[in-house]
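Visitor: Dropping the structure in here first, questions after.
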Amino acid sequence: MKTFVFVLILDLITLTYATFFGDYPRIPLFDATCYRILYIHVPLAWDMYFAFTLTFVFSLLYLLRSRDVFDRIAFCSAILGVLYGIGALVSGMLWAKEVWHSFWSWDPRQTTTLIALLAYLCYTALRNSIRDVERAKTVSAVFGVSAYTTIPISYISAIVTFSRHVQLPHQPLSFESQITLLIRVLTSFALFLAILRFYSKKRF
Amino acid sequence: MGGLLGIRDIHLHHSVELYDCKKGVGIVNKALTLISLAFAFALIGYLSMSSSSYKTVSALKDLKKPKVVTVIGNVTKGSVRVNELLEFKINDGRHEVKVKYNGFVRLDNVSGYGRVVVIGVYYPQNKTIIASRVEASCPSKEVLKAYK
């Protein structure tokens, strides 16, 4: 519990600093301060990808070894992945409104991420709808492994197609912005792991 | 006694075989479901990616009749004019088309790398898009360099 509180406070401090004082590119085509949402959007999106990767790995391990701990981590990670994914999608929409002039444009990245998120929403709904606990674990593990195919598609959609979403190496970020973003990603990742640990122990 | 034990052994042997067989069928069922679901998800993902991707400016040269298009391209440096309509040109490095838009969007007229998405009707005879919507993209490193 102490670790969880420590990581939470650390994450809130870096979040507050980055969103109010973080560097942003001075481009006069839009209100450039909106770029500070990068420090929220990128960590959320990467944590979402990481969460669904954990669900894939631990679902596969459950199918091979049938150990309850694997199922527990896979399920809790999927729930967190959905929550982080909703956060990434909403923060991306707010950013897009300022830079793209539209909240939602059915851009390949937006569309494929929405599909991935819906797939994992189905995972949680499916699992909760099966009353037989052992059956629910097996069915959701099979679903958790197969739904993962949507994740690499979501990631590569902005690379292989003409997307308006610019990938991180091509973003107009200064060295200071990159360091701030790195710190935000690391603290957010630590918080994700702390929540996962806390939640998977609490729920079962 | 020995005979009875023998019968019991045969029964046990059979039940172990039956269990192994059921387990094998269970694994095959799981694997088949997993592969079919994974294929279905991959197909949905691929279709959503391909159906939402934009046309390039070069792809417009194949059109012979006016058609509603969604095109992505870079705003040609210095091409933005604001008269009664917002007029500018977009290109993909190989081809260029004109765009006319009855509205205002702040466009990058300086770098030549400002990417926009134009939704509207393309008229091949004039090489012009009468846009119903113009949306910008995330700026790249080149755009920042031009504004420094």
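Labeling convention for the structure tokens: chains A, B, ... as they appear, residues from 1 per chain, ligands from 1 in order of appearance.
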Write out as a ChimeraX atom specification each polymer residue whose atoms come within 7 Å of segment 127-141 of chain A, counting only C-alpha atoms; drop sequence neighbours fewer than 3 positions from it.
Guide: /A:59-60,62-63,71,123-124,144-145
Visitor: Would you list the contacts of Phe50 of chain A as a ChimeraX atom specification, taking every protein, DNA or RNA residue within 9 Å and counting only C-alpha atoms, but skipping same-chain residues closer than 3 positions in sequence?
Guide: /A:45-47,53-55,77,81,189
Visitor: Could you dump the residues just selected with N, CA and C atoms as a PDB file, in the first residue's frame?
Guide:
ATOM      1  N   ALA A  45      -1.611   5.925 -23.703  1.00  0.00           N
ATOM      2  CA  ALA A  45      -1.662   5.034 -24.878  1.00  0.00           C
ATOM      3  C   ALA A  45      -0.655   3.892 -24.741  1.00  0.00           C
ATOM      4  N   TRP A  46       0.557   4.197 -24.283  1.00  0.00           N
ATOM      5  CA  TRP A  46       1.569   3.138 -24.142  1.00  0.00           C
ATOM      6  C   TRP A  46       1.184   2.158 -23.044  1.00  0.00           C
ATOM      7  N   ASP A  47       0.611   2.680 -21.961  1.00  0.00           N
ATOM      8  CA  ASP A  47       0.159   1.777 -20.893  1.00  0.00           C
ATOM      9  C   ASP A  47      -0.966   0.872 -21.388  1.00  0.00           C
ATOM     10  N   THR A  53      -0.960  -6.305 -23.923  1.00  0.00           N
ATOM     11  CA  THR A  53       0.108  -7.292 -24.157  1.00  0.00           C
ATOM     12  C   THR A  53       0.201  -8.245 -22.962  1.00  0.00           C
ATOM     13  N   LEU A  54       0.056  -7.693 -21.753  1.00  0.00           N
ATOM     14  CA  LEU A  54       0.056  -8.538 -20.552  1.00  0.00           C
ATOM     15  C   LEU A  54      -1.122  -9.505 -20.589  1.00  0.00           C
ATOM     16  N   THR A  55      -2.290  -9.003 -20.994  1.00  0.00           N
ATOM     17  CA  THR A  55      -3.478  -9.863 -21.082  1.00  0.00           C
ATOM     18  C   THR A  55      -3.212 -11.009 -22.056  1.00  0.00           C
ATOM     19  N   SER A  77      -5.500  -6.864 -15.982  1.00  0.00           N
ATOM     20  CA  SER A  77      -4.774  -6.072 -16.962  1.00  0.00           C
ATOM     21  C   SER A  77      -5.712  -5.624 -18.091  1.00  0.00           C
ATOM     22  N   GLY A  81      -6.442  -1.916 -19.065  1.00  0.00           N
ATOM     23  CA  GLY A  81      -6.183  -1.551 -20.461  1.00  0.00           C
ATOM     24  C   GLY A  81      -7.358  -0.801 -21.063  1.00  0.00           C
ATOM     25  N   PHE A 189       3.997   4.348 -16.040  1.00  0.00           N
ATOM     26  CA  PHE A 189       4.175   2.906 -16.150  1.00  0.00           C
ATOM     27  C   PHE A 189       4.282   2.276 -14.750  1.00  0.00           C
TER      28      PHE A 189
END
Visitor: Nearest residue to Arg115 of chain B out of B:Pro139, B:Gly103, B:Gly78, B:Gly26, using only C-alpha atoms?
Guide: B:Pro139
Visitor: For the contact check between chain A and chain B, emit one row per residue of chain A within 7 Å, containing the shortest atom pair and the distance in Å rounded to one decimal, counting only C-alpha atoms, chain then rising number order, as CSV.
Guide:
residue,atom,partner,partner_atom,distance
A:Ile27,CA,B:Leu144,CA,6.3
A:Leu29,CA,B:Arg106,CA,6.2
A:Val99,CA,B:Cys138,CA,6.3
A:Trp100,CA,B:Ala136,CA,4.5
A:His101,CA,B:Glu135,CA,5.8
A:Trp106,CA,B:Ser52,CA,6.1
A:Asp107,CA,B:Ser52,CA,5.9
A:Pro108,CA,B:Met49,CA,5.0
A:Thr111,CA,B:Ser48,CA,6.4
A:Thr112,CA,B:Gly45,CA,6.0
A:Ile115,CA,B:Gly45,CA,6.8
A:Val142,CA,B:Leu34,CA,5.5
A:Phe143,CA,B:Leu34,CA,7.0
A:Ser146,CA,B:Ala38,CA,4.0
A:Ala147,CA,B:Phe41,CA,6.1
A:Thr149,CA,B:Ala42,CA,5.4
A:Thr150,CA,B:Gly45,CA,5.6
A:Ile153,CA,B:Gly45,CA,6.2
A:Ser157,CA,B:Met49,CA,6.4
A:Thr161,CA,B:Ser53,CA,6.2
A:Phe162,CA,B:Tyr54,CA,6.3
A:Arg164,CA,B:Ser137,CA,4.7
A:His165,CA,B:Cys138,CA,6.1
A:Val166,CA,B:Cys138,CA,5.9
A:His170,CA,B:Ser140,CA,5.6
A:Gln171,CA,B:Ser140,CA,5.3
A:Pro172,CA,B:Lys141,CA,4.2
Visitor: Just the helix (DSSP H, G or I) stuff from chain A, please, per backbone DSSP, written as number ranges by chain.
Guide: A: 2-21, 32-65, 68-99, 108-129, 133-160, 168-170, 175-203
Visitor: Given the choices A:Gly87, A:Tyr49, A:Val185, A:Leu126, which gets closest to Tyr148 of chain A if the distance is worked out from only C-alpha atoms?
Guide: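 Between A:Gly87, A:Tyr49, A:Val185, A:Leu126, the residue approaching Tyr148 of chain A most closely is A:Tyr49.
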Visitor: Closest to Val57 of chain B among B:His95, B:Val110, B:Arg133, B:Thr70, using only C-alpha atoms?
Guide: B:His95
Visitor: Work out how far apart atom CA of Gly22 of chain A and atom CA of Tyr35 of chain A are and give it in Å to one decimal.
Guide: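 It comes out at 9.4 Å.
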Visitor: What is the atom CA of Gly120 of chain B-atom CA of Tyr101 of chain B distance in Å, reported with one decimal?
Guide: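 So the two atoms, atom CA of Gly120 of chain B and atom CA of Tyr101 of chain B, lie 9.0 Å apart.
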Visitor: With distances taken over only C-alpha atoms, which of B:Val121, B:Val75, B:Val99, B:Leu85 is nearest to Leu63 of chain B?
Guide: B:Val121
Visitor: Just the residues within 8 Å of Ile37 of chain A, please, counting only C-alpha atoms, with nothing from its chain fewer than 6 positions along; format it as a VMD selection string.
Guide: chain A and resid 19 91 95
Visitor: If you run DSSP on the backbone, which residues of chain B are strand (DSSP E), as number ranges by chain?
Guide: B: 55-56, 67-75, 81-82, 86-91, 96-101, 115-123, 128-136
Visitor: Since we have the selection now, will you write its residues out, keeping N, CA and C atoms, as a CSV table (one decimal), in the first residue's frame?
Guide:
chain,number,residue,atom,x,y,z
B,55,LYS,N,-7.1,8.8,-49.7
B,55,LYS,CA,-6.5,8.7,-51.1
B,55,LYS,C,-5.3,9.7,-51.1
B,56,THR,N,-4.3,9.4,-51.9
B,56,THR,CA,-3.2,10.4,-52.2
B,56,THR,C,-3.6,11.2,-53.3
B,67,LYS,N,-16.1,13.1,-58.6
B,67,LYS,CA,-16.3,12.1,-57.6
B,67,LYS,C,-16.0,12.7,-56.2
B,68,VAL,N,-16.8,12.2,-55.2
B,68,VAL,CA,-16.5,12.7,-53.8
B,68,VAL,C,-15.3,11.9,-53.3
B,69,VAL,N,-14.3,12.7,-52.8
B,69,VAL,CA,-13.0,12.1,-52.4
B,69,VAL,C,-12.6,12.6,-51.0
B,70,THR,N,-11.8,11.8,-50.3
B,70,THR,CA,-11.1,12.2,-49.1
B,70,THR,C,-9.6,12.1,-49.4
B,71,VAL,N,-8.9,13.2,-49.5
B,71,VAL,CA,-7.5,13.2,-50.0
B,71,VAL,C,-6.6,13.8,-48.9
B,72,ILE,N,-5.4,13.2,-48.8
B,72,ILE,CA,-4.4,13.7,-47.9
B,72,ILE,C,-3.3,14.2,-48.7
B,73,GLY,N,-2.7,15.4,-48.4
B,73,GLY,CA,-1.6,15.9,-49.1
B,73,GLY,C,-1.0,17.1,-48.3
B,74,ASN,N,0.2,17.5,-48.8
B,74,ASN,CA,0.9,18.7,-48.2
B,74,ASN,C,0.5,19.9,-48.9
B,75,VAL,N,0.2,21.0,-48.1
B,75,VAL,CA,-0.1,22.3,-48.7
B,75,VAL,C,1.1,22.8,-49.4
B,81,ARG,N,-4.4,31.3,-50.7
B,81,ARG,CA,-5.0,32.6,-51.0
B,81,ARG,C,-6.3,32.7,-50.4
B,82,VAL,N,-6.6,33.9,-49.8
B,82,VAL,CA,-8.0,34.0,-49.2
B,82,VAL,C,-8.7,35.1,-50.0
B,86,LEU,N,-11.5,30.2,-49.7
B,86,LEU,CA,-10.1,29.9,-49.3
B,86,LEU,C,-9.5,29.0,-50.5
B,87,GLU,N,-8.5,29.4,-51.1
B,87,GLU,CA,-7.9,28.6,-52.2
B,87,GLU,C,-6.5,28.2,-51.9
B,88,PHE,N,-6.1,27.0,-52.2
B,88,PHE,CA,-4.7,26.5,-52.0
B,88,PHE,C,-4.5,25.3,-52.8
B,89,LYS,N,-3.3,24.9,-52.9
B,89,LYS,CA,-2.9,23.7,-53.6
B,89,LYS,C,-2.3,22.6,-52.7
B,90,ILE,N,-2.6,21.3,-53.0
B,90,ILE,CA,-2.0,20.3,-52.2
B,90,ILE,C,-1.3,19.3,-53.2
B,91,ASN,N,-0.2,18.7,-52.6
B,91,ASN,CA,0.6,17.8,-53.5
B,91,ASN,C,1.1,16.7,-52.6
B,96,GLU,N,-0.1,17.5,-58.2
B,96,GLU,CA,-0.7,18.7,-57.4
B,96,GLU,C,-2.1,18.9,-57.9
B,97,VAL,N,-3.0,19.3,-56.9
B,97,VAL,CA,-4.4,19.7,-57.3
B,97,VAL,C,-4.8,21.0,-56.6
B,98,LYS,N,-5.7,21.7,-57.1
B,98,LYS,CA,-6.2,22.9,-56.5
B,98,LYS,C,-7.3,22.6,-55.5
B,99,VAL,N,-7.5,23.4,-54.5
B,99,VAL,CA,-8.6,23.2,-53.5
B,99,VAL,C,-9.3,24.5,-53.4
B,100,LYS,N,-10.7,24.5,-53.4
B,100,LYS,CA,-11.4,25.7,-53.1
B,100,LYS,C,-12.4,25.3,-52.0
B,101,TYR,N,-12.4,26.2,-51.0
B,101,TYR,CA,-13.2,25.9,-49.8
B,101,TYR,C,-13.9,27.1,-49.3
B,115,ARG,N,0.5,19.1,-43.5
B,115,ARG,CA,-0.4,18.1,-44.1
B,115,ARG,C,-1.9,18.4,-43.8
B,116,VAL,N,-2.7,18.3,-44.9
B,116,VAL,CA,-4.2,18.5,-44.7
B,116,VAL,C,-5.0,17.3,-45.3
B,117,VAL,N,-6.2,17.2,-44.8
B,117,VAL,CA,-7.1,16.2,-45.3
B,117,VAL,C,-8.3,17.0,-45.9
B,118,VAL,N,-8.6,16.8,-47.2
B,118,VAL,CA,-9.6,17.5,-47.9
B,118,VAL,C,-10.7,16.6,-48.2
B,119,ILE,N,-11.9,16.9,-47.8
B,119,ILE,CA,-13.1,16.1,-48.2
B,119,ILE,C,-14.0,16.9,-49.1
B,120,GLY,N,-14.3,16.4,-50.3
B,120,GLY,CA,-15.1,17.2,-51.3
B,120,GLY,C,-15.2,16.5,-52.6
B,121,VAL,N,-15.7,17.3,-53.6
B,121,VAL,CA,-15.9,16.7,-54.9
B,121,VAL,C,-14.7,17.1,-55.8
B,122,TYR,N,-14.1,16.1,-56.4
B,122,TYR,CA,-12.9,16.3,-57.3
B,122,TYR,C,-13.4,16.4,-58.8
B,123,TYR,N,-13.1,17.5,-59.4
B,123,TYR,CA,-13.4,17.7,-60.8
B,123,TYR,C,-12.1,17.5,-61.7
B,128,THR,N,-9.4,20.2,-59.7
B,128,THR,CA,-9.8,21.0,-58.6
B,128,THR,C,-10.8,20.3,-57.7
B,129,ILE,N,-10.6,20.4,-56.4
B,129,ILE,CA,-11.5,19.8,-55.4
B,129,ILE,C,-12.3,21.0,-54.8
B,130,ILE,N,-13.6,20.9,-54.9
B,130,ILE,CA,-14.5,21.8,-54.2
B,130,ILE,C,-14.8,21.2,-52.8
B,131,ALA,N,-14.1,21.7,-51.8
B,131,ALA,CA,-14.1,21.0,-50.5
B,131,ALA,C,-15.3,21.4,-49.7
B,132,SER,N,-15.8,20.4,-49.0
B,132,SER,CA,-16.9,20.6,-48.0
B,132,SER,C,-16.3,20.6,-46.6
B,133,ARG,N,-15.1,20.1,-46.5
B,133,ARG,CA,-14.4,20.1,-45.2
B,133,ARG,C,-12.9,20.0,-45.4
B,134,VAL,N,-12.2,20.8,-44.7
B,134,VAL,CA,-10.7,20.8,-44.7
B,134,VAL,C,-10.2,20.7,-43.2
B,135,GLU,N,-9.4,19.7,-43.0
B,135,GLU,CA,-8.9,19.4,-41.7
B,135,GLU,C,-7.3,19.3,-41.7
B,136,ALA,N,-6.7,19.8,-40.7
B,136,ALA,CA,-5.2,19.7,-40.7
B,136,ALA,C,-4.7,18.4,-40.0
Visitor: Would you work out the distance separating atom CA of Val5 of chain A from atom CA of Ser200 of chain A, expressed in Å to one decimal?
Guide: 16.3 Å
